[in-house]
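Peer 1: Coordinates in structure_3.pdb, PDB, C-alpha atoms, are listed below.
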ATOM      1  CA  MET A   1       7.135  -4.965  30.053
ATOM      2  CA  ARG A   2      10.616  -3.716  30.910
ATOM      3  CA  ALA A   3      12.264  -6.849  29.507
ATOM      4  CA  ALA A   4      10.564  -6.289  26.146
ATOM      5  CA  ARG A   5      11.670  -2.658  26.188
ATOM      6  CA  LEU A   6      15.294  -3.620  26.911
ATOM      7  CA  ILE A   7      15.286  -6.078  24.004
ATOM      8  CA  LYS A   8      13.845  -3.437  21.691
ATOM      9  CA  MET A   9      16.527  -0.983  22.827
ATOM     10  CA  VAL A  10      19.288  -3.455  21.942
ATOM     11  CA  LEU A  11      17.729  -4.139  18.530
ATOM     12  CA  LEU A  12      17.424  -0.406  17.832
ATOM     13  CA  LEU A  13      21.089   0.135  18.676
ATOM     14  CA  GLN A  14      22.049  -2.832  16.503
ATOM     15  CA  SER A  15      20.292  -1.288  13.518
ATOM     16  CA  ARG A  16      21.987   2.132  13.762
ATOM     17  CA  PRO A  17      25.519   3.397  14.471
ATOM     18  CA  ALA A  18      24.294   5.483  17.417
ATOM     19  CA  MET A  19      21.135   7.020  18.855
ATOM     20  CA  THR A  20      20.619   9.942  21.181
ATOM     21  CA  ALA A  21      18.690   9.595  24.416
ATOM     22  CA  ALA A  22      15.897  11.688  22.888
ATOM     23  CA  GLU A  23      15.653   9.382  19.850
ATOM     24  CA  LEU A  24      15.564   6.274  22.027
ATOM     25  CA  ALA A  25      12.982   7.841  24.324
ATOM     26  CA  ARG A  26      10.758   8.619  21.336
ATOM     27  CA  GLU A  27      11.073   5.113  19.869
ATOM     28  CA  LEU A  28      10.526   3.390  23.228
ATOM     29  CA  GLU A  29       7.827   5.851  24.377
ATOM     30  CA  VAL A  30       9.555   6.535  27.700
ATOM     31  CA  SER A  31      11.432   9.429  29.284
ATOM     32  CA  GLU A  32      15.131  10.122  28.703
ATOM     33  CA  ARG A  33      15.722   9.338  32.383
ATOM     34  CA  THR A  34      14.262   5.860  31.807
ATOM     35  CA  VAL A  35      16.556   5.416  28.791
ATOM     36  CA  THR A  36      19.549   6.203  31.024
ATOM     37  CA  ARG A  37      18.445   3.644  33.610
ATOM     38  CA  ASP A  38      17.780   1.012  30.907
ATOM     39  CA  ALA A  39      21.215   1.556  29.350
ATOM     40  CA  GLN A  40      22.813   1.069  32.761
ATOM     41  CA  ALA A  41      20.802  -2.130  33.324
ATOM     42  CA  LEU A  42      21.919  -3.507  29.944
ATOM     43  CA  SER A  43      25.531  -2.688  30.713
ATOM     44  CA  GLU A  44      25.312  -4.457  34.076
ATOM     45  CA  ALA A  45      23.824  -7.487  32.276
ATOM     46  CA  GLY A  46      26.851  -7.697  29.974
ATOM     47  CA  VAL A  47      25.486  -5.902  26.917
ATOM     48  CA  PRO A  48      28.231  -3.414  25.849
ATOM     49  CA  VAL A  49      26.187  -0.217  25.674
ATOM     50  CA  TYR A  50      28.475   2.834  25.543
ATOM     51  CA  ALA A  51      27.336   6.391  26.231
ATOM     52  CA  ASP A  52      29.052   9.284  24.427
ATOM     53  CA  ARG A  53      28.860  12.483  26.408
ATOM     54  CA  GLY A  54      28.273  15.989  25.074
ATOM     55  CA  ARG A  55      25.819  17.726  22.778
ATOM     56  CA  ALA A  56      26.443  15.301  19.882
ATOM     57  CA  GLY A  57      26.591  12.282  22.155
ATOM     58  CA  GLY A  58      24.365   9.276  22.356
ATOM     59  CA  TYR A  59      24.287   5.535  22.906
ATOM     60  CA  ARG A  60      25.907   2.823  20.789
ATOM     61  CA  LEU A  61      26.964  -0.811  20.980
ATOM     62  CA  VAL A  62      30.707  -1.468  20.957
ATOM     63  CA  GLY A  63      32.781  -4.389  19.730
ATOM     64  CA  GLY A  64      30.388  -5.339  16.919
ATOM     65  CA  TYR A  65      27.971  -6.774  19.478
ATOM     66  CA  ARG A  66      25.033  -8.671  17.974
ATOM     67  CA  THR A  67      22.225 -10.504  19.700
ATOM     68  CA  ARG A  68      20.821 -13.736  18.300
ATOM     69  CA  LEU A  69      17.093 -14.026  17.645
ATOM     70  CA  THR A  70      16.465 -16.258  20.638
ATOM     71  CA  GLY A  71      13.866 -14.009  22.238
ATOM     72  CA  LEU A  72      11.169 -14.512  19.604
ATOM     73  CA  ALA A  73       7.924 -16.218  20.548
ATOM     74  CA  ARG A  74       6.355 -18.625  18.030
ATOM     75  CA  ASN A  75       3.685 -16.161  16.865
ATOM     76  CA  GLU A  76       6.361 -13.476  16.417
ATOM     77  CA  ALA A  77       8.547 -15.793  14.330
ATOM     78  CA  GLU A  78       5.578 -16.809  12.148
ATOM     79  CA  ALA A  79       4.591 -13.169  11.666
ATOM     80  CA  LEU A  80       8.171 -12.422  10.587
ATOM     81  CA  PHE A  81       7.956 -14.958   7.761
ATOM     82  CA  LEU A  82       4.536 -13.628   6.740
ATOM     83  CA  SER A  83       6.119 -10.225   6.044
ATOM     84  CA  GLY A  84       7.607 -11.466   2.759
ATOM     85  CA  LEU A  85       5.452 -11.640  -0.370
ATOM     86  CA  PRO A  86       7.023 -14.389  -2.535
ATOM     87  CA  SER A  87       5.341 -13.466  -5.828
ATOM     88  CA  ALA A  88       6.122  -9.753  -5.459
ATOM     89  CA  LEU A  89       9.750 -10.443  -4.490
ATOM     90  CA  ARG A  90      10.120 -12.763  -7.477
ATOM     91  CA  GLU A  91       8.765 -10.126  -9.866
ATOM     92  CA  MET A  92      11.191  -7.525  -8.484
ATOM     93  CA  GLY A  93      14.130  -9.885  -8.968
ATOM     94  CA  LEU A  94      14.680 -10.337  -5.225
ATOM     95  CA  GLU A  95      13.736 -14.002  -4.862
ATOM     96  CA  ASP A  96      17.320 -15.194  -4.269
ATOM     97  CA  ALA A  97      18.047 -12.471  -1.715
ATOM     98  CA  SER A  98      14.781 -13.217   0.085
ATOM     99  CA  SER A  99      15.559 -16.944   0.207
ATOM    100  CA  ALA A 100      19.034 -16.313   1.631
ATOM    101  CA  ALA A 101      17.659 -13.939   4.258
ATOM    102  CA  ARG A 102      15.043 -16.479   5.349
ATOM    103  CA  LEU A 103      17.709 -19.162   5.713
ATOM    104  CA  LYS A 104      19.831 -16.862   7.877
ATOM    105  CA  VAL A 105      16.866 -15.940  10.081
ATOM    106  CA  SER A 106      15.894 -19.604  10.409
ATOM    107  CA  ALA A 107      19.443 -20.511  11.436
ATOM    108  CA  ALA A 108      19.384 -17.853  14.163
ATOM    109  CA  LEU A 109      16.096 -19.048  15.657
ATOM    110  CA  LEU A 110      15.772 -21.549  18.452
ATOM    111  CA  PRO A 111      15.393 -25.140  17.169
ATOM    112  CA  SER A 112      11.798 -25.237  18.393
ATOM    113  CA  LEU A 113      10.930 -22.271  16.129
ATOM    114  CA  ARG A 114      12.702 -23.256  12.918
ATOM    115  CA  ASP A 115       9.534 -24.633  11.360
ATOM    116  CA  ALA A 116       7.905 -21.169  11.619
ATOM    117  CA  SER A 117       8.409 -20.458   7.906
ATOM    118  CA  ASP A 118       6.587 -23.657   6.935
ATOM    119  CA  THR A 119       3.706 -23.207   9.385
ATOM    120  CA  ALA A 120       3.195 -19.598   8.252
ATOM    121  CA  ALA A 121       3.291 -20.497   4.544
ATOM    122  CA  GLN A 122       0.639 -23.187   5.051
ATOM    123  CA  ARG A 123      -1.703 -20.753   6.809
ATOM    124  CA  PHE A 124      -1.518 -17.604   4.686
ATOM    125  CA  HIS A 125      -1.101 -16.926   0.963
ATOM    126  CA  LEU A 126      -1.385 -13.566  -0.781
ATOM    127  CA  ASP A 127      -2.960 -13.576  -4.248
ATOM    128  CA  ALA A 128      -2.675  -9.909  -5.209
ATOM    129  CA  PRO A 129      -4.224  -9.782  -8.721
ATOM    130  CA  GLY A 130      -7.975  -9.378  -9.091
ATOM    131  CA  TRP A 131     -10.295 -12.045 -10.493
ATOM    132  CA  TYR A 132     -10.820 -12.545 -14.226
ATOM    133  CA  GLN A 133      -7.485 -11.103 -15.318
ATOM    134  CA  GLU A 134      -4.160 -12.681 -16.137
ATOM    135  CA  PRO A 135      -1.350 -10.897 -14.225
ATOM    136  CA  VAL A 136       1.562  -9.761 -16.401
ATOM    137  CA  THR A 137       4.884  -8.824 -14.824
ATOM    138  CA  PRO A 138       6.251  -5.596 -16.365
ATOM    139  CA  GLU A 139       9.519  -6.345 -18.150
ATOM    140  CA  LEU A 140      11.213  -3.269 -16.681
ATOM    141  CA  LEU A 141      10.112  -3.883 -13.071
ATOM    142  CA  PRO A 142      13.468  -5.374 -11.888
ATOM    143  CA  ALA A 143      15.351  -2.314 -13.184
ATOM    144  CA  VAL A 144      12.957   0.081 -11.430
ATOM    145  CA  ALA A 145      13.147  -2.002  -8.238
ATOM    146  CA  GLU A 146      16.951  -1.873  -8.345
ATOM    147  CA  ALA A 147      16.833   1.922  -8.563
ATOM    148  CA  VAL A 148      14.337   2.122  -5.682
ATOM    149  CA  TRP A 149      16.478  -0.005  -3.363
ATOM    150  CA  ASP A 150      19.723   1.836  -4.245
ATOM    151  CA  ASP A 151      18.258   5.380  -4.313
ATOM    152  CA  ARG A 152      19.453   5.872  -7.891
ATOM    153  CA  MET A 153      18.080   8.264 -10.477
ATOM    154  CA  VAL A 154      16.533   6.784 -13.612
ATOM    155  CA  LYS A 155      16.056   8.145 -17.115
ATOM    156  CA  ALA A 156      12.841   6.791 -18.559
ATOM    157  CA  ARG A 157      10.553   6.975 -21.561
ATOM    158  CA  TYR A 158       6.903   6.881 -20.456
ATOM    159  CA  ARG A 159       3.757   6.312 -22.517
ATOM    160  CA  ARG A 160       1.109   8.782 -21.350
ATOM    161  CA  GLY A 161      -1.655   7.685 -23.708
ATOM    162  CA  GLY A 162      -1.791   5.892 -27.022
ATOM    163  CA  PRO A 163       1.086   5.032 -29.372
ATOM    164  CA  GLY A 164       3.439   7.893 -30.216
ATOM    165  CA  SER A 165       2.787   9.790 -26.972
ATOM    166  CA  GLU A 166       6.031   8.923 -25.174
ATOM    167  CA  VAL A 167       7.738  11.501 -22.976
ATOM    168  CA  GLU A 168      11.189  11.436 -21.408
ATOM    169  CA  ARG A 169      11.475  11.798 -17.656
ATOM    170  CA  GLU A 170      14.319  11.897 -15.138
ATOM    171  CA  LEU A 171      12.950  10.395 -11.931
ATOM    172  CA  ALA A 172      13.959   9.782  -8.341
ATOM    173  CA  PRO A 173      12.033   6.546  -7.617
ATOM    174  CA  TYR A 174      10.987   6.510  -3.949
ATOM    175  CA  GLY A 175       8.827   3.399  -3.665
ATOM    176  CA  LEU A 176       6.926   0.603  -5.380
ATOM    177  CA  VAL A 177       3.231  -0.188  -4.934
ATOM    178  CA  LEU A 178       1.438  -3.358  -6.051
ATOM    179  CA  LYS A 179      -2.274  -2.588  -6.431
ATOM    180  CA  ALA A 180      -4.680  -5.295  -7.642
ATOM    181  CA  GLY A 181      -1.927  -6.950  -9.700
ATOM    182  CA  VAL A 182      -0.660  -3.674 -11.228
ATOM    183  CA  TRP A 183       2.769  -2.276 -10.323
ATOM    184  CA  TYR A 184       3.276   1.461  -9.759
ATOM    185  CA  VAL A 185       6.305   3.546  -8.812
ATOM    186  CA  CYS A 186       5.979   6.686  -6.708
ATOM    187  CA  ALA A 187       8.726   9.021  -7.879
ATOM    188  CA  ARG A 188       9.913  12.588  -7.635
ATOM    189  CA  ALA A 189      10.023  14.399 -10.976
ATOM    190  CA  GLY A 190      11.715  17.733 -10.399
ATOM    191  CA  THR A 191      10.078  18.988  -7.205
ATOM    192  CA  ASP A 192       6.781  17.108  -7.608
ATOM    193  CA  PHE A 193       5.896  13.593  -6.501
ATOM    194  CA  ARG A 194       3.936  11.568  -9.051
ATOM    195  CA  VAL A 195       2.692   8.029  -9.670
ATOM    196  CA  TYR A 196       3.655   6.046 -12.788
ATOM    197  CA  ARG A 197       2.381   2.673 -14.016
ATOM    198  CA  ILE A 198       5.462   0.562 -14.596
ATOM    199  CA  ASP A 199       3.916  -1.304 -17.546
ATOM    200  CA  ARG A 200       3.789   2.040 -19.376
ATOM    201  CA  PHE A 201       7.546   2.539 -19.278
ATOM    202  CA  ALA A 202       9.003   2.033 -22.766
ATOM    203  CA  ALA A 203      12.606   2.230 -21.506
ATOM    204  CA  VAL A 204      14.371   2.635 -18.155
ATOM    205  CA  ALA A 205      18.069   3.400 -17.642
ATOM    206  CA  VAL A 206      19.362   3.277 -14.062
ATOM    207  CA  THR A 207      22.080   5.911 -13.631
ATOM    208  CA  ASP A 208      25.025   6.046 -11.225
ATOM    209  CA  GLU A 209      23.660   9.233  -9.654
ATOM    210  CA  ARG A 210      22.130   8.787  -6.212
ATOM    211  CA  PHE A 211      19.362  11.021  -4.927
ATOM    212  CA  VAL A 212      18.825  12.196  -1.356
ATOM    213  CA  ARG A 213      15.476  11.092   0.038
ATOM    214  CA  ASP A 214      13.074  13.577   1.563
ATOM    215  CA  GLU A 215      12.835  12.338   5.160
ATOM    216  CA  ASP A 216       9.247  13.599   5.413
ATOM    217  CA  PHE A 217       8.046  11.418   2.526
ATOM    218  CA  ASP A 218       5.667   8.696   3.758
ATOM    219  CA  LEU A 219       4.947   6.133   1.025
ATOM    220  CA  PRO A 220       1.715   4.615   2.493
ATOM    221  CA  ALA A 221       0.273   8.048   3.264
ATOM    222  CA  PHE A 222       1.248   9.401  -0.163
ATOM    223  CA  TRP A 223      -0.336   6.426  -1.931
ATOM    224  CA  ASP A 224      -3.557   6.658   0.091
ATOM    225  CA  GLU A 225      -3.875  10.358  -0.740
ATOM    226  CA  ARG A 226      -3.225   9.885  -4.471
ATOM    227  CA  ALA A 227      -5.530   6.862  -4.674
ATOM    228  CA  ALA A 228      -8.322   8.891  -3.078
ATOM    229  CA  GLN A 229      -7.655  11.808  -5.461
ATOM    230  CA  PHE A 230      -7.805   9.447  -8.447
ATOM    231  CA  ALA A 231     -11.060   7.896  -7.285
ATOM    232  CA  ARG A 232     -12.617  11.356  -6.916
ATOM    233  CA  SER A 233     -11.226  12.632 -10.225
ATOM    234  CA  ILE A 234     -12.914   9.994 -12.377
ATOM    235  CA  LEU A 235     -16.380  10.679 -10.911
ATOM    236  CA  ARG A 236     -17.148  13.523 -13.322
ATOM    237  CA  THR A 237     -20.949  13.506 -13.503
ATOM    238  CA  GLU A 238     -23.991  12.861 -11.323
ATOM    239  CA  VAL A 239     -27.185  10.836 -11.537
ATOM    240  CA  THR A 240     -30.273  11.025  -9.334
ATOM    241  CA  VAL A 241     -31.842   7.716  -8.368
ATOM    242  CA  ARG A 242     -34.462   6.263  -6.044
ATOM    243  CA  VAL A 243     -33.268   3.209  -4.142
ATOM    244  CA  SER A 244     -35.306   0.666  -2.204
ATOM    245  CA  GLU A 245     -34.303  -0.562   1.235
ATOM    246  CA  ALA A 246     -32.716  -3.635  -0.346
ATOM    247  CA  GLY A 247     -31.038  -1.456  -2.973
ATOM    248  CA  VAL A 248     -29.428   0.724  -0.298
ATOM    249  CA  GLY A 249     -27.502  -2.296   0.923
ATOM    250  CA  ARG A 250     -26.445  -3.321  -2.588
ATOM    251  CA  LEU A 251     -25.530   0.120  -3.948
ATOM    252  CA  PRO A 252     -22.005   0.300  -2.387
ATOM    253  CA  HIS A 253     -21.183  -3.039  -4.052
ATOM    254  CA  ALA A 254     -22.321  -1.875  -7.498
ATOM    255  CA  VAL A 255     -20.517   1.484  -7.743
ATOM    256  CA  ASP A 256     -17.557   3.223  -6.100
ATOM    257  CA  ARG A 257     -18.003   2.332  -2.429
ATOM    258  CA  SER A 258     -16.849   5.633  -0.915
ATOM    259  CA  ALA A 259     -18.955   7.667  -3.334
ATOM    260  CA  ALA A 260     -22.037   5.539  -2.609
ATOM    261  CA  LEU A 261     -21.654   5.770   1.164
ATOM    262  CA  ASP A 262     -21.143   9.557   1.008
ATOM    263  CA  ALA A 263     -24.184   9.936  -1.232
ATOM    264  CA  LEU A 264     -26.339   7.810   1.084
ATOM    265  CA  ASP A 265     -25.192   9.840   4.098
ATOM    266  CA  ALA A 266     -26.200  13.049   2.306
ATOM    267  CA  ALA A 267     -29.575  11.684   1.178
ATOM    268  CA  GLY A 268     -32.812  12.570   2.916
ATOM    269  CA  PRO A 269     -35.035  10.173   4.870
ATOM    270  CA  PRO A 270     -36.994   7.391   3.102
ATOM    271  CA  ASP A 271     -40.281   8.318   1.428
ATOM    272  CA  VAL A 272     -43.642   6.709   2.222
ATOM    273  CA  ASP A 273     -42.641   3.636   0.200
ATOM    274  CA  GLY A 274     -39.359   3.270   2.093
ATOM    275  CA  TRP A 275     -37.283   4.413  -0.904
ATOM    276  CA  ARG A 276     -34.522   7.030  -0.686
ATOM    277  CA  THR A 277     -33.582   9.614  -3.322
ATOM    278  CA  VAL A 278     -29.813   9.726  -3.825
ATOM    279  CA  VAL A 279     -27.605  12.045  -5.904
ATOM    280  CA  LEU A 280     -24.755   9.765  -6.917
ATOM    281  CA  PRO A 281     -21.420  10.792  -8.522
ATOM    282  CA  VAL A 282     -20.424   8.452 -11.367
ATOM    283  CA  GLU A 283     -17.647   8.154 -13.909
ATOM    284  CA  SER A 284     -19.936   8.536 -16.939
ATOM    285  CA  LEU A 285     -23.504   7.791 -17.968
ATOM    286  CA  ASP A 286     -22.364   4.678 -19.848
ATOM    287  CA  VAL A 287     -20.560   3.373 -16.748
ATOM    288  CA  ALA A 288     -23.538   4.276 -14.567
ATOM    289  CA  TYR A 289     -25.834   2.343 -16.908
ATOM    290  CA  SER A 290     -23.748  -0.838 -16.689
ATOM    291  CA  GLN A 291     -23.251  -0.568 -12.928
ATOM    292  CA  LEU A 292     -26.735   0.458 -11.789
ATOM    293  CA  LEU A 293     -28.518  -2.005 -14.063
ATOM    294  CA  ALA A 294     -27.255  -4.707 -11.688
ATOM    295  CA  LEU A 295     -29.685  -3.464  -9.013
ATOM    296  CA  GLY A 296     -32.665  -4.319 -11.259
ATOM    297  CA  PRO A 297     -36.041  -3.389  -9.736
ATOM    298  CA  GLU A 298     -34.420  -2.099  -6.528
ATOM    299  CA  LEU A 299     -33.402   1.176  -8.248
ATOM    300  CA  GLU A 300     -35.204   3.793 -10.354
ATOM    301  CA  VAL A 301     -33.276   6.407 -12.356
ATOM    302  CA  LEU A 302     -34.834   9.874 -12.080
ATOM    303  CA  GLU A 303     -32.243  12.058 -13.834
ATOM    304  CA  PRO A 304     -30.801  12.648 -16.351
ATOM    305  CA  ALA A 305     -33.653  11.942 -18.737
ATOM    306  CA  ASP A 306     -31.469  10.160 -21.321
ATOM    307  CA  LEU A 307     -30.302   7.620 -18.752
ATOM    308  CA  ARG A 308     -33.853   7.110 -17.494
ATOM    309  CA  THR A 309     -34.943   6.402 -21.067
ATOM    310  CA  ARG A 310     -32.165   3.818 -21.473
ATOM    311  CA  PHE A 311     -33.305   2.059 -18.286
ATOM    312  CA  GLY A 312     -36.911   2.136 -19.485
ATOM    313  CA  THR A 313     -35.906   0.548 -22.793
ATOM    314  CA  ALA A 314     -33.893  -2.114 -20.956
ATOM    315  CA  ALA A 315     -36.899  -2.846 -18.722
ATOM    316  CA  GLU A 316     -39.179  -3.249 -21.761
ATOM    317  CA  ARG A 317     -36.718  -5.631 -23.445
ATOM    318  CA  LEU A 318     -36.460  -7.705 -20.250
ATOM    319  CA  SER A 319     -40.246  -7.777 -20.012
ATOM    320  CA  ASP A 320     -40.495  -9.009 -23.603
ATOM    321  CA  LEU A 321     -37.889 -11.714 -22.917
ATOM    322  CA  TYR A 322     -39.645 -13.056 -19.828
ATOM    323  CA  ARG A 323     -43.274 -12.479 -20.811
TER
END
Reformat the file's structure so that it appears as structure tokens.
Peer 2:
Amino acid sequence: MRAARLIKMVLLLQSRPAMTAAELARELEVSERTVTRDAQALSEAGVPVYADRGRAGGYRLVGGYRTRLTGLARNEAEALFLSGLPSALREMGLEDASSAARLKVSAALLPSLRDASDTAAQRFHLDAPGWYQEPVTPELLPAVAEAVWDDRMVKARYRRGGPGSEVERELAPYGLVLKAGVWYVCARAGTDFRVYRIDRFAAVAVTDERFVRDEDFDLPAFWDERAAQFARSILRTEVTVRVSEAGVGRLPHAVDRSAALDALDAAGPPDVDGWRTVVLPVESLDVAYSQLLALGPELEVLEPADLRTRFGTAAERLSDLYR
């Protein structure tokens, strides 16, 4: 336990010019007194850890000290090579840099671990796009990725709707997200953070101006929040349905999963036939028709009346087909 902590301390100090005892204690989840003892132990072991005294003091490594990656276990080395996503890196224009970095890491590993990249690649492959669609790499993705990595402002023309609806935006691009084969950039526009589909950019110019990142911005948390908001925003109407016991299990696979589970939780107990009445939020009646029709005889539409009539007509046509 302590050995792993000492290694992590060295790696932390390698990655930053200096760290205070409080920062190290927070990262290592120990007390500042333990940090002091660990720094002394590293120094006695020959690792040049230097302590600056005073209010602005801290710990740093001197003499350009670097440790080789000889402490990695096989599963750790394989996990390291799994962290790269070849197709995504290629689309961002980072394939060459990724390849060079992998070679350098491989060279630093023990000989017995140098096949980790091959063993990992043969055991895991990420295919991000969804089924039944041909992924298209946005032409302007490399330019946006360059701005993200360098913290540079961009001037962009963005298509908000149909043709002729372009707007000009000056953006501070914070991060890229690949969702089901579609690339998005999370960017600050003025004082607001927004999400833009990269395939809707008509033009992108990376400027020489650098922006200062908001240290409180958390890309995964921001994306999760916006994705949830989007999912809720498109569910603009409601339908009331009766669902059989079998239909209850299939409903979350036919419509928005979160909306279905929330609606089932809010529904009352089953009736005498074992069916449950559910008020379900949906995107539109047309979407609800195409989605709920997949449940066939395991679902009955109660309201609205127009949708119930459409289901009745569909049932009659099916009956005529199979009579």
Peer 1: Which value, in Å to one decimal, gives the distance between CA of Arg159 (chain A) and CA of Glu283 (chain A)?
Peer 2: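 According to the coordinates, CA of Arg159 (chain A) and CA of Glu283 (chain A) are separated by 23.1 Å.
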Peer 1: Starting from the PyMOL selection byres ((chain A and resi 57) around 12), expand the selection into actual residues of this file and give them as a list in words.
Peer 2: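 Against this file, the PyMOL selection byres ((chain A and resi 57) around 12) returns the residues Pro17, Ala18, Met19, Thr20, Ala21, Ala22, Glu23, Tyr50, Ala51, Asp52, Arg53, Gly54, Arg55, Ala56, Gly58, Tyr59 and Arg60 of chain A.
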Peer 1: Report as a PDB file with C-alpha atoms, keeping the file's coordinate frame all protein, DNA and RNA residues lying within 9 Å of region 1-14 of chain A, evaluated on all atoms listed in the file, omitting residues in the same chain fewer than 5 positions from it.
Peer 2:
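Final output, result.pdb:
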ATOM      1  CA  MET A  19      21.135   7.020  18.855  1.00  0.00           C
ATOM      2  CA  LEU A  24      15.564   6.274  22.027  1.00  0.00           C
ATOM      3  CA  GLU A  27      11.073   5.113  19.869  1.00  0.00           C
ATOM      4  CA  LEU A  28      10.526   3.390  23.228  1.00  0.00           C
ATOM      5  CA  VAL A  35      16.556   5.416  28.791  1.00  0.00           C
ATOM      6  CA  ASP A  38      17.780   1.012  30.907  1.00  0.00           C
ATOM      7  CA  ALA A  39      21.215   1.556  29.350  1.00  0.00           C
ATOM      8  CA  ALA A  41      20.802  -2.130  33.324  1.00  0.00           C
ATOM      9  CA  LEU A  42      21.919  -3.507  29.944  1.00  0.00           C
ATOM     10  CA  VAL A  47      25.486  -5.902  26.917  1.00  0.00           C
ATOM     11  CA  VAL A  49      26.187  -0.217  25.674  1.00  0.00           C
ATOM     12  CA  TYR A  59      24.287   5.535  22.906  1.00  0.00           C
ATOM     13  CA  ARG A  60      25.907   2.823  20.789  1.00  0.00           C
ATOM     14  CA  LEU A  61      26.964  -0.811  20.980  1.00  0.00           C
ATOM     15  CA  GLY A  64      30.388  -5.339  16.919  1.00  0.00           C
ATOM     16  CA  TYR A  65      27.971  -6.774  19.478  1.00  0.00           C
ATOM     17  CA  ARG A  66      25.033  -8.671  17.974  1.00  0.00           C
ATOM     18  CA  THR A  67      22.225 -10.504  19.700  1.00  0.00           C
ATOM     19  CA  GLY A  71      13.866 -14.009  22.238  1.00  0.00           C
TER      20      GLY A  71
END
Peer 1: Can you tell me how far CA of Asp256 (chain A) sits from CA of Leu280 (chain A), in Å to one decimal?
Peer 2: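 Distance reported for this atom pair: 9.8 Å.
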Peer 1: In Å, with one decimal, what is the gap from CA of Glu238 (chain A) to CA of Trp223 (chain A)?
Peer 2: 26.3 Å
Peer 1: Using all atoms listed in the file, give me every residue within 8 Å of (-27.3, 6.7, -21.9) in file coordinates, as a VMD selection string.
Peer 2: chain A and resid 285 to 286 289 306 to 310
Peer 1: Out of A:Asp271, A:Ala147, A:Pro252, A:Ser165, which residue has the shortest atom-to-atom distance to Phe211 (chain A) when counting only C-alpha atoms?
Peer 2: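 Closest candidate: A:Ala147.
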Peer 1: Between A:Arg232, A:Gly274, A:Glu209, A:Leu302, which has the minimum distance to Ala260 (chain A) (counting all atoms listed in the file)?
Peer 2: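 Among the listed residues, A:Arg232 lies closest to Ala260 (chain A).
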Peer 1: Please evaluate the PyMOL selection byres ((chain A and resi 279) around 6) against the displayed coordinates and give the resulting residues as a list in words.
Peer 2: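 Going through the file, the PyMOL selection byres ((chain A and resi 279) around 6) ends up selecting Val239, Thr240, Val278 and Leu280 of chain A.
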